[in-house]
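Here's final12.cif, which has mmCIF, C-alpha atoms:
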```cif
data_model
#
loop_
_atom_site.label_atom_id
_atom_site.label_comp_id
_atom_site.auth_asym_id
_atom_site.auth_seq_id
_atom_site.Cartn_x
_atom_site.Cartn_y
_atom_site.Cartn_z
CA MET A 1394 6.15 3.86 28.62
CA ALA A 1395 7.18 4.08 24.98
CA LEU A 1396 9.48 6.77 23.64
CA THR A 1397 7.38 9.79 22.66
CA VAL A 1398 8.40 12.26 19.98
CA SER A 1399 7.00 15.74 19.34
CA SER A 1400 6.95 17.49 15.98
CA SER A 1401 5.08 20.24 14.19
CA GLU A 1402 2.54 17.59 13.23
CA GLY A 1403 1.87 16.52 16.80
CA THR A 1404 3.08 14.00 19.35
CA TYR A 1405 3.35 10.30 18.63
CA GLU A 1406 4.79 7.22 20.27
CA VAL A 1407 7.77 5.60 18.62
CA VAL A 1408 8.00 1.82 18.37
CA PRO A 1409 10.66 0.75 20.91
CA GLU A 1410 13.85 -0.87 19.70
CA GLY A 1411 14.09 -4.63 19.98
CA THR A 1412 12.45 -7.75 18.60
CA HIS A 1413 8.66 -7.69 18.48
CA SER A 1414 5.89 -10.12 17.55
CA ALA A 1415 3.84 -8.68 14.73
CA VAL A 1416 1.13 -9.34 12.14
CA CYS A 1417 0.98 -7.91 8.63
CA TYR A 1418 -2.27 -5.98 8.22
CA LYS A 1419 -1.82 -3.77 5.17
CA ILE A 1420 -0.06 -3.73 1.80
CA VAL A 1421 0.04 -0.54 -0.26
CA ASP A 1422 1.07 -0.33 -3.90
CA THR A 1423 2.29 3.23 -4.49
CA GLY A 1424 3.19 2.61 -8.13
CA THR A 1425 6.16 3.63 -10.25
CA ARG A 1426 8.07 6.88 -9.94
CA GLU A 1427 11.45 8.16 -11.04
CA GLU A 1428 13.77 8.36 -8.05
CA GLN A 1429 17.39 9.36 -7.64
CA PHE A 1430 19.72 8.01 -4.97
CA LYS A 1431 22.70 10.22 -4.14
CA GLU A 1432 24.80 10.75 -7.28
CA GLU A 1433 23.25 7.93 -9.28
CA ASP A 1434 21.21 8.54 -12.43
CA PRO A 1435 17.43 8.70 -11.88
CA LYS A 1436 15.74 5.31 -12.16
CA LYS A 1437 12.17 4.13 -12.33
CA ARG A 1438 11.15 2.39 -9.12
CA HIS A 1439 7.91 0.55 -8.38
CA SER A 1440 7.39 0.79 -4.62
CA ILE A 1441 5.15 -0.92 -2.11
CA PHE A 1442 4.72 -0.49 1.64
CA ILE A 1443 4.10 -3.36 4.04
CA TYR A 1444 2.45 -2.52 7.36
CA TRP A 1445 2.56 -4.52 10.58
CA GLU A 1446 0.95 -4.11 13.98
CA LEU A 1447 2.84 -5.26 17.08
CA THR A 1448 1.09 -7.90 19.15
CA ASN A 1449 3.40 -7.95 22.17
CA MET A 1450 2.87 -4.39 23.41
CA PRO A 1451 0.22 -1.67 23.03
CA MET A 1452 0.61 2.08 22.94
CA ASP A 1453 -0.38 4.13 25.98
CA ASP A 1454 -3.93 4.47 24.63
CA GLY A 1455 -4.29 0.70 24.20
CA ARG A 1456 -4.03 0.62 20.40
CA PRO A 1457 -1.33 -1.56 18.82
CA PHE A 1458 1.86 0.02 17.56
CA SER A 1459 2.05 0.17 13.77
CA ILE A 1460 5.18 0.22 11.63
CA ASN A 1461 5.81 -0.03 7.89
CA LYS A 1462 8.66 -0.59 5.48
CA GLN A 1463 9.08 0.53 1.87
CA TYR A 1464 10.23 -1.98 -0.73
CA THR A 1465 10.99 -2.04 -4.42
CA LEU A 1466 8.47 -4.44 -5.98
CA SER A 1467 10.96 -7.06 -7.10
CA LEU A 1468 11.82 -10.64 -6.18
CA ASN A 1469 15.34 -10.38 -7.55
CA GLU A 1470 17.52 -12.33 -5.14
CA ASN A 1471 19.38 -9.15 -4.21
CA SER A 1472 16.24 -7.16 -3.43
CA ASN A 1473 15.25 -6.37 0.15
CA LEU A 1474 11.78 -7.78 -0.49
CA HIS A 1475 13.21 -11.14 -1.55
CA LYS A 1476 15.56 -11.28 1.45
CA ASP A 1477 12.89 -10.32 4.00
CA LEU A 1478 10.24 -12.67 2.62
CA LYS A 1479 12.73 -15.54 2.54
CA SER A 1480 13.66 -14.92 6.18
CA TRP A 1481 9.98 -14.50 7.13
CA ARG A 1482 8.98 -17.74 5.39
CA GLY A 1483 12.00 -19.62 6.69
CA LYS A 1484 12.59 -21.13 3.26
CA SER A 1485 13.73 -20.16 -0.22
CA PHE A 1486 11.41 -19.41 -3.12
CA THR A 1487 10.94 -22.08 -5.74
CA ALA A 1488 11.58 -21.23 -9.39
CA GLU A 1489 7.84 -21.44 -9.97
CA GLU A 1490 7.08 -18.99 -7.13
CA LEU A 1491 9.59 -16.51 -8.50
CA LYS A 1492 7.66 -16.40 -11.77
CA GLY A 1493 4.70 -14.86 -10.00
CA PHE A 1494 4.27 -14.70 -6.21
CA ASP A 1495 0.96 -13.40 -4.87
CA LEU A 1496 2.10 -10.86 -2.30
CA THR A 1497 -1.36 -10.62 -0.76
CA ASN A 1498 -0.67 -14.05 0.79
CA ILE A 1499 1.35 -12.32 3.53
CA LEU A 1500 -1.69 -10.38 4.72
CA GLY A 1501 -2.60 -11.49 8.24
CA VAL A 1502 0.59 -13.57 8.65
CA SER A 1503 2.61 -13.42 11.86
CA CYS A 1504 6.35 -12.71 12.11
CA ASP A 1505 9.04 -11.29 14.36
CA LEU A 1506 10.39 -7.83 13.56
CA GLU A 1507 13.73 -6.40 14.62
CA VAL A 1508 13.29 -2.66 15.09
CA LYS A 1509 16.02 -0.05 15.47
CA HIS A 1510 15.99 3.76 15.60
CA ASN A 1511 17.81 5.74 12.93
CA ALA A 1512 19.77 8.95 13.46
CA ASN A 1513 16.52 10.94 13.49
CA GLY A 1514 14.98 8.74 16.17
CA ARG A 1515 12.60 7.12 13.68
CA ALA A 1516 11.78 3.44 14.18
CA THR A 1517 12.77 1.26 11.22
CA VAL A 1518 12.35 -2.44 10.45
CA VAL A 1519 15.83 -3.86 9.91
CA SER A 1520 15.03 -7.60 9.89
CA ILE A 1521 12.06 -9.95 9.65
CA PHE A 1522 12.10 -13.50 11.03
CA LYS A 1523 9.93 -16.59 11.07
CA PRO A 1524 8.46 -16.67 14.60
CA ASP A 1525 8.77 -19.59 16.99
CA GLY A 1526 6.13 -22.12 16.02
CA GLY A 1527 6.10 -20.89 12.44
CA ALA A 1528 4.42 -18.07 10.55
CA LYS A 1529 0.65 -18.41 10.88
CA LYS A 1530 -2.48 -16.64 9.73
CA SER A 1531 -3.55 -14.38 12.59
CA ALA A 1532 -6.21 -11.85 13.45
CA SER A 1533 -5.29 -8.18 13.83
CA LYS A 1534 -6.93 -5.23 15.54
CA ASN A 1535 -6.41 -3.09 12.44
CA GLU A 1536 -8.50 -3.99 9.42
CA GLN A 1537 -6.55 -6.18 7.02
CA GLU A 1538 -6.57 -4.55 3.61
CA VAL A 1539 -4.67 -4.07 0.36
CA PHE A 1540 -4.45 -0.85 -1.62
CA ASP A 1541 -4.55 -2.05 -5.23
CA LEU A 1542 -3.24 0.78 -7.41
CA GLU A 1543 -4.42 -0.87 -10.62
CA GLU A 1544 -8.00 -0.88 -9.32
CA TYR A 1545 -7.72 2.65 -7.89
CA ALA A 1546 -6.52 4.02 -11.24
CA LYS A 1547 -9.80 2.94 -12.85
CA GLU A 1548 -11.40 5.94 -11.12
CA PHE A 1549 -9.39 8.18 -13.46
CA SER A 1550 -9.43 6.14 -16.68
CA GLY A 1551 -13.21 6.16 -17.08
CA HIS A 1552 -13.73 2.62 -15.71
CA SER A 1553 -15.00 3.39 -12.21
CA CYS A 1554 -16.47 0.37 -10.42
CA ALA A 1555 -17.27 -0.86 -6.91
CA THR A 1556 -13.70 -2.08 -6.38
CA SER A 1557 -12.12 1.20 -7.51
CA LYS A 1558 -14.41 3.11 -5.15
CA ARG A 1559 -13.38 0.78 -2.33
CA MET A 1560 -9.75 1.64 -3.12
CA CYS A 1561 -10.67 5.33 -2.77
CA ASP A 1562 -11.79 4.58 0.79
CA VAL A 1563 -8.49 2.81 1.54
CA TYR A 1564 -6.59 5.73 -0.03
CA GLU A 1565 -8.25 8.20 2.34
CA GLY A 1566 -6.82 6.33 5.33
CA LEU A 1567 -3.22 6.55 4.08
CA PRO A 1568 -0.73 9.23 5.22
CA PRO A 1569 -0.14 12.35 3.09
CA PHE A 1570 3.33 11.35 1.87
CA ILE A 1571 1.90 8.12 0.43
CA HIS A 1572 -0.92 10.13 -1.17
CA ASP A 1573 1.76 12.14 -2.96
CA MET A 1574 3.58 9.03 -4.15
CA ILE A 1575 0.38 7.51 -5.53
CA THR A 1576 -0.76 10.74 -7.20
CA ASP A 1577 2.66 11.21 -8.86
CA SER A 1578 2.92 7.60 -10.04
CA TYR A 1579 3.19 6.77 -13.72
CA GLU A 1580 0.16 4.51 -13.34
CA VAL A 1581 -2.18 7.25 -12.10
CA LYS A 1582 -0.85 9.78 -14.62
CA ALA A 1583 -1.47 7.31 -17.45
CA ALA A 1584 -5.01 6.63 -16.19
CA GLU A 1585 -5.71 10.37 -16.05
CA ARG A 1586 -4.52 10.82 -19.64
CA LYS A 1587 -6.70 7.91 -20.75
CA GLY A 1588 -9.72 9.40 -19.02
CA LEU A 1589 -9.18 12.81 -20.60
CA ALA A 1590 -8.76 11.22 -24.03
CA GLN A 1591 -12.05 9.40 -23.66
CA GLN A 1592 -13.80 12.63 -22.67
CA SER A 1593 -12.42 14.49 -25.69
CA THR A 1594 -13.53 11.78 -28.14
CA ALA A 1595 -16.97 11.17 -26.63
CA PRO A 1596 -19.85 12.29 -28.92
CA ALA A 1597 -21.43 15.56 -27.84
CA ALA A 1598 -24.82 15.24 -26.19
CA ALA A 1599 -27.76 16.30 -28.34
CA ASP A 1600 -29.04 19.79 -27.61
CA PRO A 1601 -32.57 19.32 -26.19
CA ASN A 1602 -33.51 22.82 -27.38
CA ALA A 1603 -32.50 22.37 -31.01
CA GLY A 1604 -34.66 21.62 -34.07
CA LEU A 1605 -37.96 19.79 -33.62
CA ALA A 1606 -37.06 19.00 -30.01
CA ALA A 1607 -37.34 22.71 -29.25
CA VAL A 1608 -40.95 22.75 -30.38
CA ALA A 1609 -41.81 19.74 -28.26
CA ASN A 1610 -40.00 21.10 -25.21
CA LYS A 1611 -41.73 24.47 -25.44
CA SER A 1612 -45.12 22.76 -25.56
CA GLN A 1613 -44.41 20.77 -22.40
CA PRO A 1614 -44.83 22.35 -18.95
CA LYS A 1615 -41.52 22.59 -17.09
CA LYS A 1616 -41.13 20.10 -14.25
CA GLN A 1617 -39.50 20.99 -10.95
CA ALA A 1618 -36.10 19.42 -10.39
CA GLU A 1619 -36.50 16.09 -8.29
CA PHE A 1620 -2.17 -24.06 9.54
CA LEU A 1621 -0.19 -26.47 10.64
CA ASP A 1622 3.63 -25.93 11.46
CA ASP A 1623 4.74 -27.06 8.01
CA ASP A 1624 1.91 -25.18 6.34
CA ILE A 1625 3.57 -21.81 5.78
CA PRO A 1626 0.69 -19.55 4.80
CA PHE A 1627 2.60 -17.85 2.00
#
```
Starting from the file, lay out its structure as structure tokens.
Amino acid sequence: MALTVSSSEGTYEVVPEGTHSAVCYKIVDTGTREEQFKEEDPKKRHSIFIYWELTNMPMDDGRPFSINKQYTLSLNENSNLHKDLKSWRGKSFTAEELKGFDLTNILGVSCDLEVKHNANGRATVVSIFKPDGGAKKSASKNEQEVFDLEEYAKEFSGHSCATSKRMCDVYEGLPPFIHDMITDSYEVKAAERKGLAQQSTAPAAADPNAGLAAVANKSQPKKQAEFLDDDIPF
């Protein structure tokens, strides 16, 4: 049985320590916020979260364990994202890849995760490795999806579309602390300002009861309202 933790928010099973087979099933872009680490000056940080489900052991109710890790969205060679992706791929990035790597390529890709518990008993991903046989595209029990902040922000900038509404559905399935990060992001705040600016500059709708229209309206009766091994998938 897995380690179970109780809190004011309920009881949940903690991912056991050790090395686990896993598949990436979700990527969440939480946008840019100003963060401060210890005594350092506040800095802008663009964060993402990568989610995996474990394939080698289920929870007591049969569902797969899920675990995530927060990263700064950067492929600088000193960044954790660069280091983990390099280890996961089992090879270095080319200069061309570093110019613009499509992170969605890791969705549905297998790996091995090393998990340890921190001082608070929380499971954390400390290392990611290329699995035996190579990283491969794999099915997952959880729906594989990406939360695209740029698309989501269109809901607030006055450019709502089918994709932005889909992102609203993905947003609803995210935990409250990630909701807060997204809502407080520079990207969403900028989209909200853009939407408000558009509303304030939009021409006022014509008054249907003014001028000659009033005469016409009064004369009308009112209506009732109606892979192969060498083929690394990323």
Within 10 Å of range 1418-1441 of chain A, which residues of range 1470-1580 of chain A come that close, and what is the closest atom pair and distance in Å for each? Count all atoms listed in the file and give it as JSON lines.
```
{"residue": "A:Leu1474", "atom": "CA", "partner": "A:Ile1441", "partner_atom": "CA", "distance": 9.7}
{"residue": "A:Leu1496", "atom": "CA", "partner": "A:Ile1420", "partner_atom": "CA", "distance": 8.5}
{"residue": "A:Thr1497", "atom": "CA", "partner": "A:Ile1420", "partner_atom": "CA", "distance": 7.5}
{"residue": "A:Ile1499", "atom": "CA", "partner": "A:Tyr1418", "partner_atom": "CA", "distance": 8.7}
{"residue": "A:Leu1500", "atom": "CA", "partner": "A:Tyr1418", "partner_atom": "CA", "distance": 5.7}
{"residue": "A:Gly1501", "atom": "CA", "partner": "A:Tyr1418", "partner_atom": "CA", "distance": 5.5}
{"residue": "A:Val1502", "atom": "CA", "partner": "A:Tyr1418", "partner_atom": "CA", "distance": 8.1}
{"residue": "A:Ser1503", "atom": "CA", "partner": "A:Tyr1418", "partner_atom": "CA", "distance": 9.6}
{"residue": "A:Ser1531", "atom": "CA", "partner": "A:Tyr1418", "partner_atom": "CA", "distance": 9.6}
{"residue": "A:Ala1532", "atom": "CA", "partner": "A:Tyr1418", "partner_atom": "CA", "distance": 8.8}
{"residue": "A:Ser1533", "atom": "CA", "partner": "A:Tyr1418", "partner_atom": "CA", "distance": 6.7}
{"residue": "A:Lys1534", "atom": "CA", "partner": "A:Tyr1418", "partner_atom": "CA", "distance": 8.7}
{"residue": "A:Asn1535", "atom": "CA", "partner": "A:Tyr1418", "partner_atom": "CA", "distance": 6.6}
{"residue": "A:Glu1536", "atom": "CA", "partner": "A:Tyr1418", "partner_atom": "CA", "distance": 6.6}
{"residue": "A:Gln1537", "atom": "CA", "partner": "A:Tyr1418", "partner_atom": "CA", "distance": 4.4}
{"residue": "A:Glu1538", "atom": "CA", "partner": "A:Lys1419", "partner_atom": "CA", "distance": 5.1}
{"residue": "A:Val1539", "atom": "CA", "partner": "A:Ile1420", "partner_atom": "CA", "distance": 4.8}
{"residue": "A:Phe1540", "atom": "CA", "partner": "A:Val1421", "partner_atom": "CA", "distance": 4.7}
{"residue": "A:Asp1541", "atom": "CA", "partner": "A:Asp1422", "partner_atom": "CA", "distance": 6.0}
{"residue": "A:Leu1542", "atom": "CA", "partner": "A:Asp1422", "partner_atom": "CA", "distance": 5.7}
{"residue": "A:Glu1543", "atom": "CA", "partner": "A:Asp1422", "partner_atom": "CA", "distance": 8.7}
{"residue": "A:Val1563", "atom": "CA", "partner": "A:Val1421", "partner_atom": "CA", "distance": 9.3}
{"residue": "A:Tyr1564", "atom": "CA", "partner": "A:Val1421", "partner_atom": "CA", "distance": 9.1}
{"residue": "A:Leu1567", "atom": "CA", "partner": "A:Val1421", "partner_atom": "CA", "distance": 8.9}
{"residue": "A:Ile1571", "atom": "CA", "partner": "A:Thr1423", "partner_atom": "CA", "distance": 6.9}
{"residue": "A:His1572", "atom": "CA", "partner": "A:Thr1423", "partner_atom": "CA", "distance": 8.3}
{"residue": "A:Asp1573", "atom": "CA", "partner": "A:Thr1423", "partner_atom": "CA", "distance": 9.1}
{"residue": "A:Met1574", "atom": "CA", "partner": "A:Thr1423", "partner_atom": "CA", "distance": 6.0}
{"residue": "A:Ile1575", "atom": "CA", "partner": "A:Thr1423", "partner_atom": "CA", "distance": 4.8}
{"residue": "A:Thr1576", "atom": "CA", "partner": "A:Thr1423", "partner_atom": "CA", "distance": 8.5}
{"residue": "A:Asp1577", "atom": "CA", "partner": "A:Arg1426", "partner_atom": "CA", "distance": 7.0}
{"residue": "A:Ser1578", "atom": "CA", "partner": "A:Thr1425", "partner_atom": "CA", "distance": 5.1}
{"residue": "A:Tyr1579", "atom": "CA", "partner": "A:Thr1425", "partner_atom": "CA", "distance": 5.5}
{"residue": "A:Glu1580", "atom": "CA", "partner": "A:Gly1424", "partner_atom": "CA", "distance": 6.3}
```
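One finds CA of Gly1455 in chain A at 24.8 Å from CA of Ala1528 in chain A.
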**Report entry** Residues near Pro1451 in chain A, cut-off 12 Å, all atoms listed in the file, skip fewer than 5 positions along chain, as a PyMOL selection string
**Finding:** chain A and resi 1394-1395+1406-1409+1413-1415+1446+1456-1459+1534
If you keep C-alpha atoms, can you produce a file of those selected residues as an mmCIF file, in the frame of the given file?
```
data_model
loop_
_atom_site.group_PDB
_atom_site.id
_atom_site.type_symbol
_atom_site.label_atom_id
_atom_site.label_comp_id
_atom_site.auth_asym_id
_atom_site.auth_seq_id
_atom_site.Cartn_x
_atom_site.Cartn_y
_atom_site.Cartn_z
ATOM 1 C CA MET A 1394 6.150 3.860 28.620
ATOM 2 C CA ALA A 1395 7.180 4.080 24.980
ATOM 3 C CA GLU A 1406 4.790 7.220 20.270
ATOM 4 C CA VAL A 1407 7.770 5.600 18.620
ATOM 5 C CA VAL A 1408 8.000 1.820 18.370
ATOM 6 C CA PRO A 1409 10.660 0.750 20.910
ATOM 7 C CA HIS A 1413 8.660 -7.690 18.480
ATOM 8 C CA SER A 1414 5.890 -10.120 17.550
ATOM 9 C CA ALA A 1415 3.840 -8.680 14.730
ATOM 10 C CA GLU A 1446 0.950 -4.110 13.980
ATOM 11 C CA ARG A 1456 -4.030 0.620 20.400
ATOM 12 C CA PRO A 1457 -1.330 -1.560 18.820
ATOM 13 C CA PHE A 1458 1.860 0.020 17.560
ATOM 14 C CA SER A 1459 2.050 0.170 13.770
ATOM 15 C CA LYS A 1534 -6.930 -5.230 15.540
#
```
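Closest approach to Val1416 in chain A among A:Phe1494, A:Phe1522, A:Tyr1464, A:Phe1549: A:Phe1522, based on all atoms listed in the file.
As for CA of Ile1460 in chain A and CA of Tyr1444 in chain A, they are spaced 5.8 Å apart.
A straight line drawn from CA of Lys1558 in chain A to CA of Lys1582 in chain A is 17.8 Å long.
Nearest residue to Trp1481 in chain A among A:Lys1509, A:Lys1523, A:Lys1462, A:Lys1587 is A:Lys1523, counting all atoms listed in the file.
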Do you know which residues are at most 7 Å from Glu1507 in chain A counting all atoms listed in the file, after dropping those on the same chain fewer than 6 positions away, and could you put them as an mmCIF file with C-alpha atoms, in the coordinates of the input?
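And here's part_17.cif as it stands now:
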```
data_model
loop_
_atom_site.group_PDB
_atom_site.id
_atom_site.type_symbol
_atom_site.label_atom_id
_atom_site.label_comp_id
_atom_site.auth_asym_id
_atom_site.auth_seq_id
_atom_site.Cartn_x
_atom_site.Cartn_y
_atom_site.Cartn_z
ATOM 1 C CA GLY A 1411 14.090 -4.630 19.980
ATOM 2 C CA THR A 1412 12.450 -7.750 18.600
ATOM 3 C CA HIS A 1413 8.660 -7.690 18.480
ATOM 4 C CA VAL A 1518 12.350 -2.440 10.450
ATOM 5 C CA VAL A 1519 15.830 -3.860 9.910
ATOM 6 C CA SER A 1520 15.030 -7.600 9.890
ATOM 7 C CA ILE A 1521 12.060 -9.950 9.650
#
```
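Here the PyMOL selection byres ((chain A and resi 1484) around 12) matches the residues His1475, Lys1476, Asp1477, Leu1478, Lys1479, Ser1480, Trp1481, Arg1482, Gly1483, Ser1485, Phe1486, Thr1487, Glu1490, Phe1522, Lys1523, Gly1527, Ala1528, Asp1623, Asp1624, Ile1625 and Phe1627 of chain A.
Candidate residues A:Ala1546, A:Ala1516, A:Cys1417, A:Ala1488 were compared for distance to Ala1583 in chain A, and the nearest is A:Ala1546, using all atoms listed in the file.
Here the question is which of A:Glu1410, A:Tyr1405, A:Asn1511, A:Thr1517 gets nearest to Trp1445 in chain A using only C-alpha atoms, and that residue is A:Thr1517.
Nearest to Ala1590 in chain A of all the residues A:Gly1551, A:Gly1566, A:Pro1626, A:Gly1526 is A:Gly1551, based on all atoms listed in the file.
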